[in-house]
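One structure is given here, and the rest of the page talks about it.
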Amino acid sequence: MGLPPIFYHCFKTPLPYSTALSLQERIHALQSFSRKASRSHRDYLLLLEHRPVYTFGRRQTEASEEVALEALRLRGLGADCISTQRGGQTTYHGPGQIVGYPLLDLGRTTPPMSIREYICRLQKTVEVQLTEGHGIQYIPSEHTGVFLDQRTKIASIGVQVRHRLTTHGFALNVTEEPLPWFNRVVACGLSDVKPGCIAKAAAQQSGRADISVASEVPSLISRFGRVFERNMVALDASAEGEVEDAIRATEREAIESGAWPLAPSS
């Protein structure tokens with residue numbers, strides 16, 4: 001019997017990071033419970049933009065004076081600043097960037113998908129989005145993520161896997177909106193690397209100027225399904241269910257959060 005589909009949902013309003021993190025944790029708990037009770041749990045892909053936020057990886061902690069001072073500086077720019085349990089170091093998320101949170105059970109296959117294979121498939125999804133969607137070439141790198149050249153990074157990957165259930169995921173820069181925010185930090189600990197985005201690379205490649213997050217999402221969903229060898233099904237967020245309830249609550253909170261800063265404070 002083939003693997004069940006992955007249910008995807010795309011949020012229309014940028015989410016506060018803490019709200020999206022709480023949603024991931026809620027779905028993770030429901031998946032874990034359902035898997036133990038009946039093995040009827042679903043896999044999900046959440047696609048969204050965040051309100052401006054800098055995040056620290058699990059090896060960084062605000063108990064450290066250095067990290068606490070850096071968090072204070074970053075909040076002064078107008079962004080949130082949050083410690084997480086994902087891998088990697090400091091990075092930025094915000095409007096103009098697609099963030100993908102796959103909430104998958106890696107144990108569905110025999111043998112189970114390894115964490116390394118999972119990360120490779122996330123990276124492959126972004127790579128084919130660039131090459132097939134825009135003719136944008138990438139280069140191999142010793143670092144996790146997707147690079148256009150040795151000094152330009154267009155996508156980041158940072159995951160957490162607990163009991164073979166995944167949280168966190170990938171972030172792909174689409175427009176130039178995130179770039180000024182990235183330029184205020186040493187992203188992912190790579191001091192000689194600058195951020196890139198699809199819009200800038202596509203303009204240089206073909207002169208295209210119609211790049212947006214909304215235009216990228218449908219093809220990204222399709223390519224995600226192809227790379228992971230799964231059917232992709234739109235989640236009916238209006239239906240009854242604990243996951244659907246949590247998604248509706250998250251969308252309401254995003255709307256109620258109001259406006260967000262468009263650029264970092266000087």
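Quick note on naming: the chains in the structure tokens go A, B, ... in the order shown, residues restart at 1 in each chain, and ligands are numbered from 1 in order of appearance.
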### Residues within 12 Å of Glu244 (chain A), only C-alpha atoms, excluding chain neighbours under 3 positions, as a list of chain:residue names
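So, after excluding close chain neighbours, the residues are A:Phe7, A:Tyr8, A:His9, A:Leu23, A:Arg26, A:Ile27, A:Leu30, A:Tyr44, A:Ala234, A:Leu235, A:Asp236, A:Ala237, A:Ser238, A:Ala239, A:Glu240, A:Gly241, A:Ile247, A:Arg248, A:Ala249, A:Thr250, A:Glu251.
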Output file for the residues above (C-alpha atoms, as a short mmCIF file (atom, residue, chain, number, x, y, z; two decimals), in the first residue's frame):
```cif
data_model
loop_
_atom_site.label_atom_id
_atom_site.label_comp_id
_atom_site.auth_asym_id
_atom_site.auth_seq_id
_atom_site.Cartn_x
_atom_site.Cartn_y
_atom_site.Cartn_z
CA PHE A 7 -2.04 17.74 3.72
CA TYR A 8 -0.84 21.28 3.08
CA HIS A 9 -2.04 24.67 4.25
CA LEU A 23 1.02 25.46 16.20
CA ARG A 26 0.30 21.29 18.95
CA ILE A 27 0.26 19.31 15.72
CA LEU A 30 -1.59 15.32 18.14
CA TYR A 44 1.26 18.13 7.06
CA ALA A 234 -5.10 20.90 0.32
CA LEU A 235 -6.26 20.82 3.93
CA ASP A 236 -9.86 21.94 4.41
CA ALA A 237 -9.25 24.37 7.27
CA SER A 238 -13.00 24.94 7.66
CA ALA A 239 -13.58 21.29 8.59
CA GLU A 240 -14.01 19.96 12.11
CA GLY A 241 -10.88 18.67 13.80
CA ILE A 247 -4.99 26.53 12.25
CA ARG A 248 -8.06 28.77 12.40
CA ALA A 249 -6.96 30.11 15.80
CA THR A 250 -3.49 30.78 14.40
CA GLU A 251 -4.91 32.69 11.45
#
```
### Message
Among region 16-243 of chain A, which residues does DSSP mark as strand (DSSP E or B) when it is run on the backbone? Keep the chain and numbering as in the structure and answer as a ChimeraX atom specification.
### Response
/A:43-48,50,53-56,80-83,91-93,97-103,105,139,146-149,152-162,165-173,194-195,232-234
## Note on the structure
In terms of only C-alpha atoms, the residue from A:Gln123, A:Gln97, A:Gln31, A:Ser265 at minimal distance from Leu47 (chain A) is A:Gln97
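We find CA of Ala20 (chain A) and CA of Glu142 (chain A) to be spaced 29.6 Å apart.
CA of Arg35 (chain A) is positioned 17.5 Å from CA of Gly2 (chain A).
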Counting only C-alpha atoms, which residues of region 128-191 of chain A fall within 12 Å of region 66-84 of chain A, and what is the closest atom pair for each with its distance in Å at one decimal, ordered by chain and rising number, as CSV?
```
residue,atom,partner,partner_atom,distance
A:Gly158,CA,A:Thr84,CA,10.2
A:Val159,CA,A:Thr84,CA,10.3
A:Gln160,CA,A:Thr84,CA,9.7
A:Thr167,CA,A:Thr84,CA,11.1
A:His168,CA,A:Thr84,CA,9.4
A:Pro178,CA,A:Ala79,CA,11.7
A:Pro180,CA,A:Leu77,CA,10.9
A:Trp181,CA,A:Leu77,CA,8.6
A:Phe182,CA,A:Leu74,CA,10.9
A:Asn183,CA,A:Leu74,CA,11.6
A:Arg184,CA,A:Leu74,CA,8.2
A:Val185,CA,A:Leu74,CA,8.5
A:Val186,CA,A:Glu70,CA,11.1
```
### Counting only C-alpha atoms, the residue of A:Lys194, A:Lys12, A:Lys200, A:His93 that sits nearest Phe147 (chain A)
A:Lys194
### Query
Any idea what's packed within 8 Å of Ile139 (chain A), counting only C-alpha atoms, ignoring anything in its chain fewer than 2 positions away? Could you give it as a ChimeraX atom specification?
/A:137,141,146-150
Restricted to N, CA, C and O atoms, what would the selected residues look like written as a JSON list (two decimals), in the first residue's frame?
```json
[["chain", "number", "residue", "atom", "x", "y", "z"],
["A", 137, "GLN", "N", 20.70, 28.64, -11.33],
["A", 137, "GLN", "CA", 21.62, 27.58, -10.97],
["A", 137, "GLN", "C", 22.14, 27.77, -9.54],
["A", 137, "GLN", "O", 22.30, 28.90, -9.08],
["A", 141, "SER", "N", 27.64, 22.93, -1.74],
["A", 141, "SER", "CA", 28.30, 23.61, -0.63],
["A", 141, "SER", "C", 28.50, 22.64, 0.52],
["A", 141, "SER", "O", 27.70, 21.72, 0.71],
["A", 146, "VAL", "N", 20.99, 26.27, 0.54],
["A", 146, "VAL", "CA", 21.16, 26.35, -0.91],
["A", 146, "VAL", "C", 21.89, 27.65, -1.23],
["A", 146, "VAL", "O", 21.47, 28.74, -0.79],
["A", 147, "PHE", "N", 22.95, 27.53, -2.02],
["A", 147, "PHE", "CA", 23.82, 28.66, -2.36],
["A", 147, "PHE", "C", 23.82, 28.88, -3.87],
["A", 147, "PHE", "O", 23.89, 27.93, -4.65],
["A", 148, "LEU", "N", 23.78, 30.16, -4.27],
["A", 148, "LEU", "CA", 23.88, 30.50, -5.69],
["A", 148, "LEU", "C", 25.34, 30.57, -6.12],
["A", 148, "LEU", "O", 25.66, 30.31, -7.28],
["A", 149, "ASP", "N", 26.20, 30.97, -5.22],
["A", 149, "ASP", "CA", 27.65, 30.94, -5.41],
["A", 149, "ASP", "C", 28.28, 30.84, -4.03],
["A", 149, "ASP", "O", 27.57, 30.74, -3.03],
["A", 150, "GLN", "N", 29.59, 30.89, -3.96],
["A", 150, "GLN", "CA", 30.27, 30.67, -2.68],
["A", 150, "GLN", "C", 29.89, 31.71, -1.63],
["A", 150, "GLN", "O", 30.02, 31.46, -0.43]]
```
Write out as a short mmCIF file (atom, residue, chain, number, x, y, z; two decimals) with N, CA, C and O atoms, in the first residue's frame the residues lying within 10 Å of region 106-121 of chain A, counting only C-alpha atoms and excluding same-chain residues fewer than 3 positions away.
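Once written, result_0.cif looks like this:
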```cif
data_model
loop_
_atom_site.label_atom_id
_atom_site.label_comp_id
_atom_site.auth_asym_id
_atom_site.auth_seq_id
_atom_site.Cartn_x
_atom_site.Cartn_y
_atom_site.Cartn_z
N GLY A 2 0.53 2.24 -0.82
CA GLY A 2 1.31 3.46 -0.92
C GLY A 2 1.19 4.31 0.33
O GLY A 2 0.32 4.10 1.19
N LEU A 3 2.05 5.30 0.42
CA LEU A 3 2.03 6.21 1.57
C LEU A 3 0.82 7.14 1.47
O LEU A 3 0.39 7.50 0.37
N PRO A 4 0.28 7.57 2.60
CA PRO A 4 -0.85 8.50 2.58
C PRO A 4 -0.41 9.88 2.09
O PRO A 4 0.78 10.19 2.07
N ASP A 43 0.19 13.54 7.93
CA ASP A 43 1.37 14.38 7.74
C ASP A 43 0.92 15.72 7.15
O ASP A 43 -0.06 15.78 6.39
N LEU A 103 5.56 18.63 8.74
CA LEU A 103 5.31 17.90 9.98
C LEU A 103 5.04 16.46 9.56
O LEU A 103 3.90 16.04 9.35
N LYS A 124 16.77 19.38 -1.94
CA LYS A 124 16.46 19.08 -3.34
C LYS A 124 15.19 19.80 -3.78
O LYS A 124 15.10 20.27 -4.93
N THR A 125 14.21 19.90 -2.90
CA THR A 125 12.97 20.60 -3.23
C THR A 125 13.25 22.04 -3.62
O THR A 125 12.74 22.56 -4.63
N VAL A 126 14.07 22.72 -2.82
CA VAL A 126 14.41 24.11 -3.12
C VAL A 126 15.23 24.19 -4.41
O VAL A 126 15.00 25.08 -5.25
N GLU A 127 16.16 23.27 -4.59
CA GLU A 127 17.00 23.31 -5.78
C GLU A 127 16.19 23.18 -7.06
O GLU A 127 16.42 23.92 -8.04
N THR A 144 24.95 23.46 5.11
CA THR A 144 23.54 23.16 4.88
C THR A 144 22.84 24.39 4.33
O THR A 144 23.10 25.51 4.74
N GLY A 145 21.93 24.17 3.39
CA GLY A 145 21.22 25.26 2.73
C GLY A 145 21.50 25.26 1.25
O GLY A 145 22.15 24.35 0.73
N ILE A 157 18.05 25.75 5.96
CA ILE A 157 17.36 24.55 6.45
C ILE A 157 17.77 24.34 7.91
O ILE A 157 18.95 24.37 8.24
N GLY A 158 16.77 24.16 8.76
CA GLY A 158 17.03 23.85 10.16
C GLY A 158 15.87 23.02 10.68
O GLY A 158 14.72 23.47 10.63
N VAL A 159 16.13 21.81 11.14
CA VAL A 159 15.04 20.90 11.50
C VAL A 159 15.21 20.38 12.92
O VAL A 159 16.29 20.43 13.51
N GLN A 160 14.10 19.85 13.42
CA GLN A 160 14.12 19.10 14.67
C GLN A 160 13.32 17.83 14.44
O GLN A 160 12.25 17.86 13.82
N VAL A 161 13.86 16.70 14.89
CA VAL A 161 13.17 15.42 14.73
C VAL A 161 13.10 14.75 16.10
O VAL A 161 14.12 14.52 16.75
N ARG A 162 11.89 14.46 16.55
CA ARG A 162 11.65 13.79 17.82
C ARG A 162 10.76 12.59 17.58
O ARG A 162 9.67 12.73 17.04
N HIS A 163 11.27 11.42 17.95
CA HIS A 163 10.51 10.18 17.76
C HIS A 163 10.07 10.03 16.30
O HIS A 163 8.96 9.59 16.01
N ARG A 164 10.96 10.45 15.39
CA ARG A 164 10.75 10.37 13.94
C ARG A 164 9.67 11.30 13.42
O ARG A 164 9.26 11.19 12.26
N LEU A 165 9.21 12.24 14.24
CA LEU A 165 8.26 13.26 13.80
C LEU A 165 9.01 14.59 13.65
O LEU A 165 9.71 15.02 14.57
N THR A 166 8.85 15.24 12.51
CA THR A 166 9.63 16.42 12.19
C THR A 166 8.90 17.72 12.56
O THR A 166 7.68 17.80 12.50
N GLY A 169 11.97 23.43 9.54
CA GLY A 169 12.01 23.09 8.12
C GLY A 169 12.95 23.95 7.31
O GLY A 169 14.14 24.03 7.59
N PHE A 170 12.39 24.67 6.30
CA PHE A 170 13.24 25.41 5.37
C PHE A 170 12.68 26.82 5.17
O PHE A 170 11.51 27.09 5.44
N PHE A 224 7.53 19.72 -3.93
CA PHE A 224 7.72 19.05 -2.64
C PHE A 224 7.14 17.64 -2.70
O PHE A 224 7.79 16.67 -2.29
N VAL A 227 9.40 15.36 -4.91
CA VAL A 227 10.67 14.98 -4.29
C VAL A 227 10.45 13.98 -3.16
O VAL A 227 11.23 13.04 -2.98
N PHE A 228 9.37 14.16 -2.39
CA PHE A 228 9.09 13.26 -1.28
C PHE A 228 8.24 12.07 -1.69
O PHE A 228 7.92 11.21 -0.85
#
```
### helix (DSSP H, G or I) call set, DSSP backbone run, region 71-168 of chain A, as a VMD selection string
chain A and resid 71 to 76 106 to 108 115 to 134
### Gly207 (chain A) environment, 12 Å, only C-alpha atoms, sequence neighbours closer than 6 positions dropped, as a ChimeraX atom specification
/A:134-135,198-201
### Query
For the atom pair CA of Tyr101 (chain A) and CA of Leu21 (chain A), what is the interatomic distance in Å to one decimal place?
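Straight-line distance from CA of Tyr101 (chain A) to CA of Leu21 (chain A) works out to 9.7 Å.
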### Task
Name the residues in contact with His50 (chain A) at a cut-off of 8 Å, using only C-alpha atoms, excluding same-chain residues fewer than 4 positions from it; report them as a PyMOL selection string.
chain A and resi 14-17+93-95+97+99
Export, as a CSV table (one decimal), in the first residue's frame, the selected residues with all heavy atoms.
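Result file is again20.csv:
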```csv
chain,number,residue,atom,x,y,z
A,14,PRO,N,1.2,37.1,7.4
A,14,PRO,CA,2.4,36.7,8.1
A,14,PRO,C,2.2,36.4,9.6
A,14,PRO,O,1.5,37.1,10.3
A,14,PRO,CB,3.3,37.9,8.0
A,14,PRO,CG,2.9,38.5,6.7
A,14,PRO,CD,1.4,38.3,6.6
A,15,LEU,N,2.8,35.3,10.1
A,15,LEU,CA,2.5,34.8,11.4
A,15,LEU,C,3.6,35.3,12.4
A,15,LEU,O,4.8,35.2,12.0
A,15,LEU,CB,2.5,33.3,11.4
A,15,LEU,CG,1.5,32.6,10.6
A,15,LEU,CD1,1.6,31.1,10.8
A,15,LEU,CD2,0.1,33.1,10.8
A,16,PRO,N,3.2,35.6,13.6
A,16,PRO,CA,4.3,35.8,14.6
A,16,PRO,C,5.0,34.4,14.8
A,16,PRO,O,4.3,33.4,14.8
A,16,PRO,CB,3.5,36.1,15.9
A,16,PRO,CG,2.2,36.7,15.4
A,16,PRO,CD,1.9,35.9,14.1
A,17,TYR,N,6.3,34.5,15.0
A,17,TYR,CA,7.0,33.2,15.1
A,17,TYR,C,6.6,32.3,16.3
A,17,TYR,O,6.4,31.1,16.1
A,17,TYR,CB,8.5,33.5,15.3
A,17,TYR,CG,9.4,32.3,15.2
A,17,TYR,CD1,9.8,31.8,13.9
A,17,TYR,CD2,9.7,31.5,16.3
A,17,TYR,CE1,10.6,30.6,13.8
A,17,TYR,CE2,10.5,30.3,16.2
A,17,TYR,CZ,10.9,29.9,14.9
A,17,TYR,OH,11.6,28.8,14.8
A,93,HIS,N,13.7,35.5,9.6
A,93,HIS,CA,12.5,35.2,8.8
A,93,HIS,C,11.6,36.4,8.8
A,93,HIS,O,11.5,37.1,9.7
A,93,HIS,CB,11.7,34.0,9.5
A,93,HIS,CG,12.5,32.7,9.6
A,93,HIS,ND1,13.1,32.1,8.5
A,93,HIS,CD2,12.7,32.0,10.7
A,93,HIS,CE1,13.7,31.0,9.0
A,93,HIS,NE2,13.5,30.9,10.3
A,94,GLY,N,10.9,36.6,7.6
A,94,GLY,CA,10.0,37.7,7.5
A,94,GLY,C,9.3,37.7,6.2
A,94,GLY,O,9.5,36.8,5.3
A,95,PRO,N,8.5,38.7,6.0
A,95,PRO,CA,7.8,38.8,4.7
A,95,PRO,C,8.7,38.8,3.5
A,95,PRO,O,9.9,39.4,3.6
A,95,PRO,CB,7.1,40.2,4.8
A,95,PRO,CG,6.9,40.4,6.3
A,95,PRO,CD,8.1,39.8,6.9
A,97,GLN,N,9.7,36.0,2.2
A,97,GLN,CA,10.4,34.7,2.3
A,97,GLN,C,9.3,33.6,2.6
A,97,GLN,O,8.5,33.7,3.4
A,97,GLN,CB,11.3,34.7,3.5
A,97,GLN,CG,12.1,33.5,3.8
A,97,GLN,CD,12.8,33.6,5.2
A,97,GLN,OE1,12.2,33.5,6.2
A,97,GLN,NE2,14.1,33.8,5.1
A,99,VAL,N,8.5,30.2,4.2
A,99,VAL,CA,8.9,29.3,5.2
A,99,VAL,C,8.0,28.0,5.1
A,99,VAL,O,6.8,28.1,5.0
A,99,VAL,CB,8.8,29.9,6.6
A,99,VAL,CG1,9.1,28.9,7.7
A,99,VAL,CG2,9.7,31.1,6.8
```
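Among the candidates A:Asp105, A:Asp210, A:Glu242, A:Glu65, the one nearest to Leu45 (chain A) when counting only C-alpha atoms is A:Asp105.
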